[in-house]
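Source file: query-v9.txt; contents: compact mmCIF, C-alpha atoms and all ligand atoms.
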```
# COMPACT_ATOMS: atom_id res chain seq x y z
CA MET A 1 0.00 0.00 0.00
CA GLU A 2 1.12 3.56 -0.64
CA ASN A 3 2.21 5.84 2.13
CA THR A 4 -0.37 8.49 1.44
CA LYS A 5 -3.70 6.75 1.76
CA THR A 6 -6.63 7.96 -0.25
CA THR A 7 -9.98 7.15 1.26
CA ALA A 8 -12.24 5.52 -1.30
CA LEU A 9 -15.08 4.51 0.98
CA LYS A 10 -16.13 6.02 4.28
CA ILE A 11 -18.99 4.73 6.36
CA SER A 12 -20.06 6.41 9.58
CA GLY A 13 -22.79 5.46 12.00
CA LEU A 14 -24.57 3.16 9.58
CA ASN A 15 -27.80 1.69 10.94
CA LYS A 16 -30.32 -0.50 9.21
CA ALA A 17 -33.47 -2.31 10.21
CA LEU A 18 -35.21 -4.88 8.06
CA GLY A 19 -38.80 -5.50 9.06
CA LYS A 20 -38.83 -5.20 12.82
CA LYS A 21 -35.24 -6.35 13.20
CA HIS A 22 -32.40 -3.92 13.80
CA ILE A 23 -29.75 -5.52 11.58
CA LEU A 24 -26.82 -3.08 11.47
CA HIS A 25 -25.66 -1.11 14.50
CA ASP A 26 -23.47 1.98 14.09
CA ILE A 27 -21.09 0.57 11.50
CA ASP A 28 -18.00 2.76 10.95
CA LEU A 29 -15.41 2.03 8.33
CA GLU A 30 -12.79 3.69 6.20
CA ALA A 31 -11.27 1.80 3.26
CA TYR A 32 -8.45 3.03 1.04
CA LYS A 33 -7.49 2.87 -2.58
CA GLY A 34 -4.86 0.24 -3.19
CA GLU A 35 -5.91 -2.20 -0.48
CA VAL A 36 -7.95 -5.36 -0.28
CA PHE A 37 -10.29 -4.94 2.65
CA GLY A 38 -12.22 -7.89 4.06
CA PHE A 39 -15.53 -8.07 5.90
CA LEU A 40 -15.06 -11.09 8.10
CA GLY A 41 -18.00 -12.46 10.01
CA PRO A 42 -20.10 -15.54 10.64
CA ASN A 43 -23.38 -16.30 8.85
CA GLY A 44 -26.01 -13.70 9.55
CA ALA A 45 -23.46 -11.11 10.73
CA GLY A 46 -24.68 -8.44 8.32
CA LYS A 47 -22.03 -8.58 5.60
CA THR A 48 -24.44 -8.85 2.67
CA THR A 49 -26.75 -6.22 4.13
CA THR A 50 -23.85 -3.77 4.50
CA ILE A 51 -22.66 -4.49 0.96
CA LYS A 52 -26.15 -4.10 -0.49
CA ILE A 53 -26.39 -0.68 1.11
CA ILE A 54 -22.99 0.37 -0.25
CA VAL A 55 -23.86 -0.65 -3.81
CA GLY A 56 -27.25 1.05 -3.61
CA LEU A 57 -29.46 -2.05 -3.58
CA LEU A 58 -30.81 -1.20 -0.12
CA SER A 59 -31.41 2.16 1.50
CA LEU A 60 -29.86 3.11 4.81
CA ASP A 61 -31.88 4.20 7.84
CA ASP A 62 -29.26 6.29 9.51
CA GLY A 63 -25.61 7.23 8.99
CA GLU A 64 -23.40 8.36 6.14
CA ILE A 65 -21.66 6.66 3.26
CA GLU A 66 -19.17 8.52 1.10
CA VAL A 67 -17.56 7.22 -2.07
CA ASN A 68 -14.64 9.35 -3.25
CA GLY A 69 -16.00 12.05 -0.98
CA PHE A 70 -19.50 11.95 -2.53
CA ASP A 71 -22.35 11.33 -0.13
CA ILE A 72 -24.53 8.45 -1.26
CA LYS A 73 -27.72 10.29 -0.22
CA LYS A 74 -26.90 13.80 -1.42
CA ASN A 75 -24.90 12.84 -4.48
CA TYR A 76 -26.29 9.42 -5.33
CA GLU A 77 -25.16 9.25 -8.96
CA LYS A 78 -21.64 10.49 -8.39
CA ALA A 79 -21.22 8.21 -5.39
CA LEU A 80 -22.54 5.19 -7.27
CA ALA A 81 -20.32 5.94 -10.26
CA GLY A 82 -17.35 5.17 -8.01
CA ILE A 83 -18.63 1.71 -7.14
CA GLY A 84 -18.52 -1.58 -8.98
CA GLY A 85 -19.65 -4.83 -7.51
CA ILE A 86 -21.10 -8.28 -7.59
CA VAL A 87 -23.65 -9.01 -4.92
CA GLU A 88 -25.96 -11.55 -6.43
CA ASN A 89 -25.02 -13.57 -9.49
CA PRO A 90 -24.02 -11.17 -12.22
CA GLU A 91 -26.35 -11.26 -15.18
CA MET A 92 -24.72 -13.05 -18.09
CA TYR A 93 -26.12 -14.24 -21.35
CA LYS A 94 -25.00 -17.83 -21.81
CA HIS A 95 -25.52 -17.88 -25.59
CA LEU A 96 -23.27 -14.83 -26.01
CA THR A 97 -19.49 -14.82 -25.78
CA GLY A 98 -17.69 -13.22 -22.88
CA LYS A 99 -16.83 -10.26 -25.05
CA GLN A 100 -20.38 -9.86 -26.33
CA ASN A 101 -21.58 -9.87 -22.75
CA LEU A 102 -19.15 -7.10 -21.85
CA ARG A 103 -20.21 -5.06 -24.89
CA GLN A 104 -23.83 -5.55 -23.96
CA TYR A 105 -23.13 -4.29 -20.47
CA ALA A 106 -20.96 -1.43 -21.74
CA ARG A 107 -23.94 -0.07 -23.68
CA MET A 108 -25.62 0.72 -20.38
CA ARG A 109 -22.60 2.65 -19.14
CA SER A 110 -21.40 5.79 -20.79
CA GLY A 111 -17.86 6.16 -22.04
CA VAL A 112 -16.75 2.52 -22.07
CA THR A 113 -14.55 2.06 -25.13
CA GLU A 114 -13.58 -1.11 -26.96
CA GLU A 115 -10.04 -0.53 -25.67
CA ARG A 116 -11.33 -0.49 -22.11
CA ILE A 117 -13.12 -3.78 -22.72
CA ASP A 118 -9.87 -5.36 -23.92
CA GLU A 119 -8.07 -3.88 -20.94
CA VAL A 120 -10.41 -5.36 -18.33
CA VAL A 121 -10.38 -8.73 -20.11
CA LYS A 122 -6.62 -8.76 -19.75
CA LEU A 123 -6.79 -7.71 -16.10
CA VAL A 124 -8.96 -10.71 -15.24
CA GLY A 125 -6.89 -13.10 -17.35
CA LEU A 126 -9.60 -14.05 -19.83
CA SER A 127 -7.94 -12.88 -23.04
CA ASN A 128 -7.65 -16.33 -24.59
CA ARG A 129 -11.21 -17.43 -23.76
CA ILE A 130 -13.14 -14.20 -24.25
CA ASN A 131 -14.60 -15.18 -27.63
CA GLU A 132 -16.13 -18.39 -26.29
CA LYS A 133 -19.75 -18.58 -25.24
CA VAL A 134 -20.29 -17.95 -21.54
CA GLY A 135 -22.33 -21.17 -21.40
CA LYS A 136 -19.03 -23.01 -21.74
CA TYR A 137 -17.30 -21.08 -18.97
CA SER A 138 -16.39 -22.60 -15.63
CA LEU A 139 -17.76 -20.93 -12.50
CA GLY A 140 -14.36 -19.36 -11.91
CA MET A 141 -14.32 -17.87 -15.41
CA ARG A 142 -17.85 -16.53 -15.01
CA GLN A 143 -16.82 -14.96 -11.73
CA ARG A 144 -13.83 -13.32 -13.42
CA LEU A 145 -16.03 -12.07 -16.23
CA GLY A 146 -18.25 -10.59 -13.53
CA VAL A 147 -15.23 -8.79 -12.10
CA ALA A 148 -14.33 -7.51 -15.58
CA GLN A 149 -17.87 -6.22 -15.99
CA SER A 150 -17.80 -4.55 -12.59
CA ILE A 151 -14.65 -2.55 -13.32
CA LEU A 152 -15.49 -1.44 -16.87
CA HIS A 153 -16.42 2.05 -15.69
CA HIS A 154 -13.19 2.56 -13.66
CA PRO A 155 -14.72 2.41 -10.18
CA SER A 156 -12.57 3.34 -7.18
CA VAL A 157 -14.28 0.69 -5.10
CA LEU A 158 -14.89 -2.88 -6.20
CA ILE A 159 -17.12 -4.85 -3.84
CA LEU A 160 -17.64 -8.59 -4.01
CA ASP A 161 -19.85 -10.54 -1.63
CA GLU A 162 -18.26 -13.91 -0.84
CA PRO A 163 -16.49 -14.01 -4.22
CA THR A 164 -14.81 -17.39 -3.78
CA ASN A 165 -18.00 -19.28 -2.86
CA GLY A 166 -18.22 -22.46 -4.87
CA LEU A 167 -14.82 -22.10 -6.53
CA ASP A 168 -12.26 -24.90 -6.40
CA PRO A 169 -8.82 -24.20 -4.89
CA ALA A 170 -7.28 -23.30 -8.25
CA GLY A 171 -10.18 -20.95 -9.03
CA ILE A 172 -9.88 -19.38 -5.59
CA LYS A 173 -6.18 -18.71 -6.08
CA GLU A 174 -6.72 -17.21 -9.54
CA LEU A 175 -9.42 -14.89 -8.29
CA ARG A 176 -7.41 -13.97 -5.20
CA ASP A 177 -4.38 -13.04 -7.32
CA ILE A 178 -6.53 -10.95 -9.66
CA LEU A 179 -8.17 -9.06 -6.79
CA LYS A 180 -4.82 -8.37 -5.14
CA GLU A 181 -3.47 -7.11 -8.42
CA LEU A 182 -6.46 -4.83 -8.98
CA ALA A 183 -5.86 -3.33 -5.56
CA HIS A 184 -2.09 -3.16 -5.47
CA LYS A 185 -1.38 -2.35 -9.12
CA GLU A 186 -4.54 -0.62 -10.37
CA ASN A 187 -5.01 1.22 -7.06
CA ILE A 188 -8.62 0.09 -6.66
CA CYS A 189 -10.14 -0.30 -3.20
CA VAL A 190 -11.23 -3.94 -3.31
CA ILE A 191 -13.71 -5.04 -0.66
CA VAL A 192 -14.58 -8.69 -0.18
CA SER A 193 -16.63 -10.54 2.39
CA SER A 194 -16.13 -14.00 3.79
CA HIS A 195 -16.76 -16.13 6.84
CA LEU A 196 -13.43 -17.89 6.30
CA MET A 197 -10.52 -16.38 8.16
CA SER A 198 -8.00 -18.55 6.31
CA GLU A 199 -9.15 -16.96 3.08
CA MET A 200 -9.04 -13.43 4.44
CA GLU A 201 -5.55 -14.04 5.72
CA LEU A 202 -4.35 -14.82 2.20
CA MET A 203 -6.32 -12.20 0.34
CA CYS A 204 -6.66 -9.07 2.45
CA ASP A 205 -4.46 -6.27 3.72
CA ARG A 206 -6.93 -5.35 6.44
CA VAL A 207 -9.96 -7.01 7.90
CA GLY A 208 -13.04 -5.61 9.62
CA ILE A 209 -14.71 -8.09 11.91
CA ILE A 210 -18.51 -8.05 11.90
CA THR A 211 -20.76 -9.99 14.22
CA GLN A 212 -24.41 -9.42 14.99
CA GLY A 213 -24.48 -6.29 12.91
CA LYS A 214 -21.60 -4.62 14.77
CA MET A 215 -18.11 -3.85 13.57
CA LEU A 216 -15.93 -5.19 16.36
CA GLY A 217 -12.71 -3.76 15.01
CA VAL A 218 -10.54 -3.24 11.99
CA TYR A 219 -7.12 -4.86 11.96
CA THR A 220 -4.25 -5.51 9.65
CA ILE A 221 -3.67 -9.22 9.19
CA GLU A 222 -0.46 -8.88 11.19
CA GLU A 223 -2.21 -7.17 14.08
CA MET A 224 -4.79 -9.90 14.21
CA ILE A 225 -2.20 -12.63 14.43
CA ASN A 226 -0.08 -10.77 16.97
CA ALA A 227 -3.01 -9.61 19.07
CA ASN A 228 -3.47 -12.82 20.96
CA LYS A 229 0.10 -13.93 21.33
CA ASN A 230 0.23 -12.30 24.78
CA GLY A 231 3.95 -11.71 24.47
CA ASN A 232 4.99 -15.32 25.05
CA LEU A 233 6.23 -18.11 22.86
CA ASP A 234 5.74 -21.72 23.86
CA PHE A 235 8.31 -24.46 23.31
CA GLU A 236 7.70 -28.17 23.76
CA LEU A 237 10.50 -30.15 25.38
CA GLU A 238 10.82 -33.91 25.20
CA VAL A 239 13.12 -35.19 27.91
CA ASP A 240 14.15 -38.50 29.48
CA ASN A 241 13.27 -37.49 33.02
CA MET A 242 10.18 -35.33 33.42
CA ASP A 243 10.34 -35.09 37.22
CA LYS A 244 13.91 -33.99 37.25
CA ALA A 245 13.29 -31.50 34.48
CA CYS A 246 10.33 -29.98 36.33
CA GLU A 247 12.47 -29.61 39.40
CA ILE A 248 15.13 -27.72 37.43
CA LEU A 249 12.48 -25.51 35.83
CA THR A 250 11.01 -24.42 39.17
CA GLY A 251 10.42 -20.69 39.06
CA LYS A 252 10.03 -20.66 35.30
CA GLU A 253 6.72 -20.50 33.44
CA PHE A 254 5.87 -24.02 32.26
CA ARG A 255 3.22 -26.71 32.18
CA THR A 256 3.27 -30.42 31.40
CA ASP A 257 1.19 -32.88 29.50
CA ASP A 258 1.66 -36.68 29.50
CA THR A 259 4.87 -36.76 27.56
CA LYS A 260 6.07 -33.20 27.18
CA ILE A 261 6.95 -30.07 29.04
CA ILE A 262 5.73 -26.83 27.56
CA VAL A 263 7.79 -23.83 28.60
CA SER A 264 6.62 -20.31 27.92
CA VAL A 265 9.23 -17.64 27.29
CA ASP A 266 9.10 -13.96 26.51
CA VAL A 267 8.83 -13.53 22.76
CA GLU A 268 11.32 -10.64 22.70
CA ASN A 269 14.14 -12.71 24.10
CA SER A 270 12.96 -16.20 23.29
CA LYS A 271 16.17 -17.56 21.75
CA ALA A 272 18.42 -16.66 24.67
CA LEU A 273 15.85 -17.86 27.19
CA ILE A 274 15.25 -21.23 25.59
CA ALA A 275 19.00 -21.73 25.19
CA GLU A 276 19.46 -21.05 28.90
CA ILE A 277 16.74 -23.54 29.83
CA VAL A 278 18.30 -26.22 27.62
CA ARG A 279 21.72 -25.55 29.17
CA ASP A 280 20.35 -25.81 32.74
CA LEU A 281 18.63 -29.10 31.96
CA VAL A 282 21.64 -30.64 30.29
CA ASN A 283 23.94 -29.49 33.10
CA ALA A 284 21.61 -31.21 35.58
CA GLY A 285 21.91 -34.47 33.64
CA VAL A 286 18.55 -34.37 31.88
CA SER A 287 18.68 -35.66 28.28
CA ILE A 288 16.70 -33.63 25.77
CA TYR A 289 15.27 -35.42 22.74
CA ALA A 290 13.52 -32.50 21.11
CA VAL A 291 12.82 -28.79 21.48
CA THR A 292 9.91 -27.71 19.29
CA PRO A 293 8.45 -24.21 19.04
CA LYS A 294 4.67 -24.45 19.30
CA GLU A 295 2.80 -23.08 16.34
CA ASN A 296 1.58 -19.57 16.83
CA LYS A 297 -2.09 -18.99 17.18
CA LYS A 298 -3.88 -19.11 13.86
CA LEU A 299 -6.05 -16.30 12.65
CA GLU A 300 -8.99 -18.66 13.00
CA ASP A 301 -8.44 -18.95 16.76
CA VAL A 302 -8.04 -15.20 17.04
CA PHE A 303 -11.29 -14.72 15.17
CA ILE A 304 -13.19 -17.15 17.36
CA GLU A 305 -11.85 -15.48 20.49
CA MET A 306 -12.70 -12.04 19.16
CA THR A 307 -16.25 -12.93 18.28
CA ASN A 308 -16.79 -14.75 21.57
CA SER A 309 -15.42 -12.05 23.80
CA GLY A 310 -16.74 -9.07 21.89
CA GLY A 311 -13.33 -7.90 20.77
CA VAL A 312 -9.75 -7.69 21.91
CA GLN A 313 -7.62 -4.71 22.75
CA ILE A 314 -4.78 -4.11 20.39
CA GLY A 315 -1.71 -2.00 21.09
N1 LIG B 1 -35.17 -9.09 4.22
C1 LIG B 1 -34.86 -9.37 5.48
N2 LIG B 1 -35.76 -9.21 6.46
C2 LIG B 1 -35.44 -9.46 7.76
N3 LIG B 1 -34.23 -9.86 8.16
C3 LIG B 1 -33.28 -10.03 7.22
C4 LIG B 1 -33.53 -9.79 5.83
N4 LIG B 1 -32.39 -10.03 5.14
C5 LIG B 1 -31.48 -10.41 6.06
N5 LIG B 1 -32.01 -10.43 7.31
C6 LIG B 1 -31.30 -10.74 8.56
O1 LIG B 1 -30.22 -9.84 8.69
C7 LIG B 1 -29.12 -10.45 9.33
C8 LIG B 1 -27.88 -10.22 8.50
O2 LIG B 1 -28.01 -10.91 7.27
P1 LIG B 1 -26.89 -10.83 6.14
O3 LIG B 1 -27.42 -11.58 4.99
O4 LIG B 1 -26.51 -9.42 5.95
O5 LIG B 1 -25.70 -11.62 6.84
P2 LIG B 1 -24.36 -12.16 6.20
O6 LIG B 1 -23.26 -11.71 7.10
O7 LIG B 1 -24.29 -11.80 4.78
O8 LIG B 1 -24.52 -13.73 6.37
P3 LIG B 1 -24.07 -14.94 5.40
O9 LIG B 1 -22.67 -15.29 5.80
O10 LIG B 1 -25.01 -16.05 5.79
O11 LIG B 1 -24.22 -14.52 3.99
C9 LIG B 1 -29.51 -11.92 9.51
O12 LIG B 1 -29.91 -12.09 10.82
C10 LIG B 1 -30.64 -12.09 8.55
O13 LIG B 1 -31.51 -13.09 9.02
MG MG B 2 -24.16 -12.87 3.02
```
Here is the file; what I need is its structure written in the form of structure tokens.
Ligand SMILES: Nc1ncnc2c1ncn2[C@@H]1O[C@H](COP(=O)(O)OP(=O)(O)OP(=O)(O)O)[C@@H](O)[C@H]1O
Ligand SMILES: [Mg+2]
Amino acid sequence: MENTKTTALKISGLNKALGKKHILHDIDLEAYKGEVFGFLGPNGAGKTTTIKIIVGLLSLDDGEIEVNGFDIKKNYEKALAGIGGIVENPEMYKHLTGKQNLRQYARMRSGVTEERIDEVVKLVGLSNRINEKVGKYSLGMRQRLGVAQSILHHPSVLILDEPTNGLDPAGIKELRDILKELAHKENICVIVSSHLMSEMELMCDRVGIITQGKMLGVYTIEEMINANKNGNLDFELEVDNMDKACEILTGKEFRTDDTKIIVSVDVENSKALIAEIVRDLVNAGVSIYAVTPKENKKLEDVFIEMTNSGGVQIG
């Protein structure tokens, strides 16, 4: 991401009720050009509702949304001109080729040239298949054609609701790479939603966590992973004499399971501390078979803890 961030989308105090149910509660969010931003939340969290409001498919009850500085209520057309997205299945004509579909769509938008069509086709990696009928496309190719269609009019914000749903691993990777490229090279603000943290971890620069219609927090992927590490690293020790080892470790932070000792050391100084522990044990005659750093907490665990506890403090 660039150093000077340009805000593409700004949401403040967004509230929405559907029927009698208050669905979205005071959602705030700022997303920048050049980043992939993820809405991460479990089923029913309010991701689709938020996205529908941003793309103009639903009205908002309260709050403000600005796209490129244009208020969606006061300057609807200018705000909407900055947005491209796929919320429900994009409309495609199966009996037409990919290119014919794009031309068809371009007719409804002003100022989309044939050159621009070729450009977006290239961006989504469909150049060699664009003259085939869409009926022959795989789901992944249709999804990429949908992305091409969504960016024809040079939007600053591209929003995709659960874009990798139903795609196979190869299709997911292709789409992920394209979306990252659109953000990082074309300077678009790409917003995606998902309930899969593993996917967000690979695709996004920052993630906003939504549960029960509330935005719990916005974090960089790094912050999320570091947030729950609590400053300690765990190492597993396999030794020949557990009792003796525990005796030597008295005063240190450790626990045991059936076959191993797990020592916890300060992350800042972990190498020196673990070396000292190993030295003490060996000097006391304990044989060490293995020293294994425990895997750091996965984003998935962080996410589950965040959504259970209503958020974690960072920094
Ligand atoms: N038309 C509607 N009328 C009443 N409630 C609705 C309506 N549409 C959605 N909801 C409710 O709003 C909440 C948020 O739904 P939304 O579809 O935005 O969640 P989501 O995060 O997209 O979930 P998913 O991961 O399942 O797609 C849910 O509790 C849902 O039942
Ligand atoms: Mg949804």
Using all atoms listed in the file, what table do you get, as a Markdown table, when you list each residue of chain A with an atom no more than 8 Å from ligand MG 2 (chain B), its nearest pair of atoms, and their distance in Å rounded to one decimal, rows by chain then rising number?
```
| residue | atom | partner | partner_atom | distance |
| --- | --- | --- | --- | --- |
| A:Asn43 | CA | B:MG2 | MG | 6.8 |
| A:Gly44 | CA | B:MG2 | MG | 6.8 |
| A:Ala45 | CA | B:MG2 | MG | 7.9 |
| A:Gly46 | CA | B:MG2 | MG | 6.9 |
| A:Lys47 | CA | B:MG2 | MG | 5.4 |
| A:Thr48 | CA | B:MG2 | MG | 4.0 |
| A:Thr49 | CA | B:MG2 | MG | 7.2 |
| A:Asp161 | CA | B:MG2 | MG | 6.8 |
| A:Glu162 | CA | B:MG2 | MG | 7.1 |
| A:Ser193 | CA | B:MG2 | MG | 7.9 |
```
| query | Hey, what's within 9 Å of Leu152 in chain A if we count only C-alpha atoms and toss same-chain stuff fewer than 3 positions away? As a list in words, please? | reply |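 Near Leu152 in chain A, the qualifying residues are Gly84, Leu102, Tyr105, Ala106, Arg109, Val112, Arg116, Ile117, Glu119, Val120, Val147, Ala148, Gln149 and Pro155 of chain A.
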Padding 5 Å on each side, edges along x, y and z: where is the centre of the box around the listed atoms of range 172-186 of chain A, and how long are its edges in Å to one decimal? Output it as lines of an AutoDock Vina configuration file.
```
center_x = -5.6
center_y = -10.0
center_z = -7.8
size_x = 18.5
size_y = 28.8
size_z = 15.2
```
| request: Go ahead and compute the interatomic distance for CA of His95 in chain A and CA of Gly135 in chain A, in Å to one decimal. | output: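 Going from CA of His95 in chain A over to CA of Gly135 in chain A covers 6.2 Å.
As for CA of Thr164 in chain A and CA of Arg103 in chain A, they are spaced 25.0 Å apart.
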| task | Kindly indicate which residue among A:Lys136, A:Arg279, A:Lys99, A:Arg144 lies nearest to Gly85 in chain A, using all atoms listed in the file for the distances. | result | A:Arg144
| Interatomic distance (Å, one decimal) between atom C6 of ligand LIG 1 (chain B) and CA of Val67 in chain A | 25.0 Å
| Which residue out of A:Tyr289, A:Phe254, A:Phe39, A:Phe235 has the minimum interatomic distance to ligand LIG 1 (chain B) when all atoms listed in the file are used? | A:Phe39
Skip Asp266 in chain A itself and residues of its chain fewer than 6 positions away, then list as a PDB file with C-alpha atoms, in the frame of the given file all residues within 9 Å of it, counting all atoms listed in the file.
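Full text of result-v4.pdb as output:
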```pdb
ATOM      1  CA  GLY A 231       3.950 -11.710  24.470  1.00  0.00           C
ATOM      2  CA  ASN A 232       4.990 -15.320  25.050  1.00  0.00           C
ATOM      3  CA  LEU A 233       6.230 -18.110  22.860  1.00  0.00           C
ATOM      4  CA  ASP A 234       5.740 -21.720  23.860  1.00  0.00           C
ATOM      5  CA  LEU A 273      15.850 -17.860  27.190  1.00  0.00           C
TER       6      LEU A 273
END
```
| query | Can you list, as number ranges by chain, every protein, DNA or RNA residue that comes within 12 Å of Asp177 in chain A when you count all atoms listed in the file, leaving out same-chain residues fewer than 3 positions away? | reply | A: 36, 123-125, 144, 164, 170-174, 180-185, 202-204
| request: Would you mind telling me which residue in A:Arg107, A:Ala8, A:Val192, A:Leu237 lies nearest to Pro293 in chain A when using only C-alpha atoms? | output: A:Leu237
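Residue nearest Ile53 in chain A within the list A:Ala31, A:Ile159, A:Leu145, A:Cys189: A:Ile159 [criterion: smallest interatomic distance, all atoms listed in the file].
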| request: Quick one: everything within 9 Å of Arg129 in chain A, counting only C-alpha atoms, minus sequence neighbours fewer than 4 positions away in the same chain. Send it as a list in words. | output: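 Contacts, with the query itself left out: Thr97, Gly98, Gly125, Lys133, Tyr137 and Met141 of chain A.
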| Restricting the calculation to all atoms listed in the file, which member of A:Glu88, A:Glu238, A:Glu115, A:Glu253 is positioned closest to ligand LIG 1 (chain B)? |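 Among the listed residues, A:Glu88 lies closest to ligand LIG 1 (chain B).
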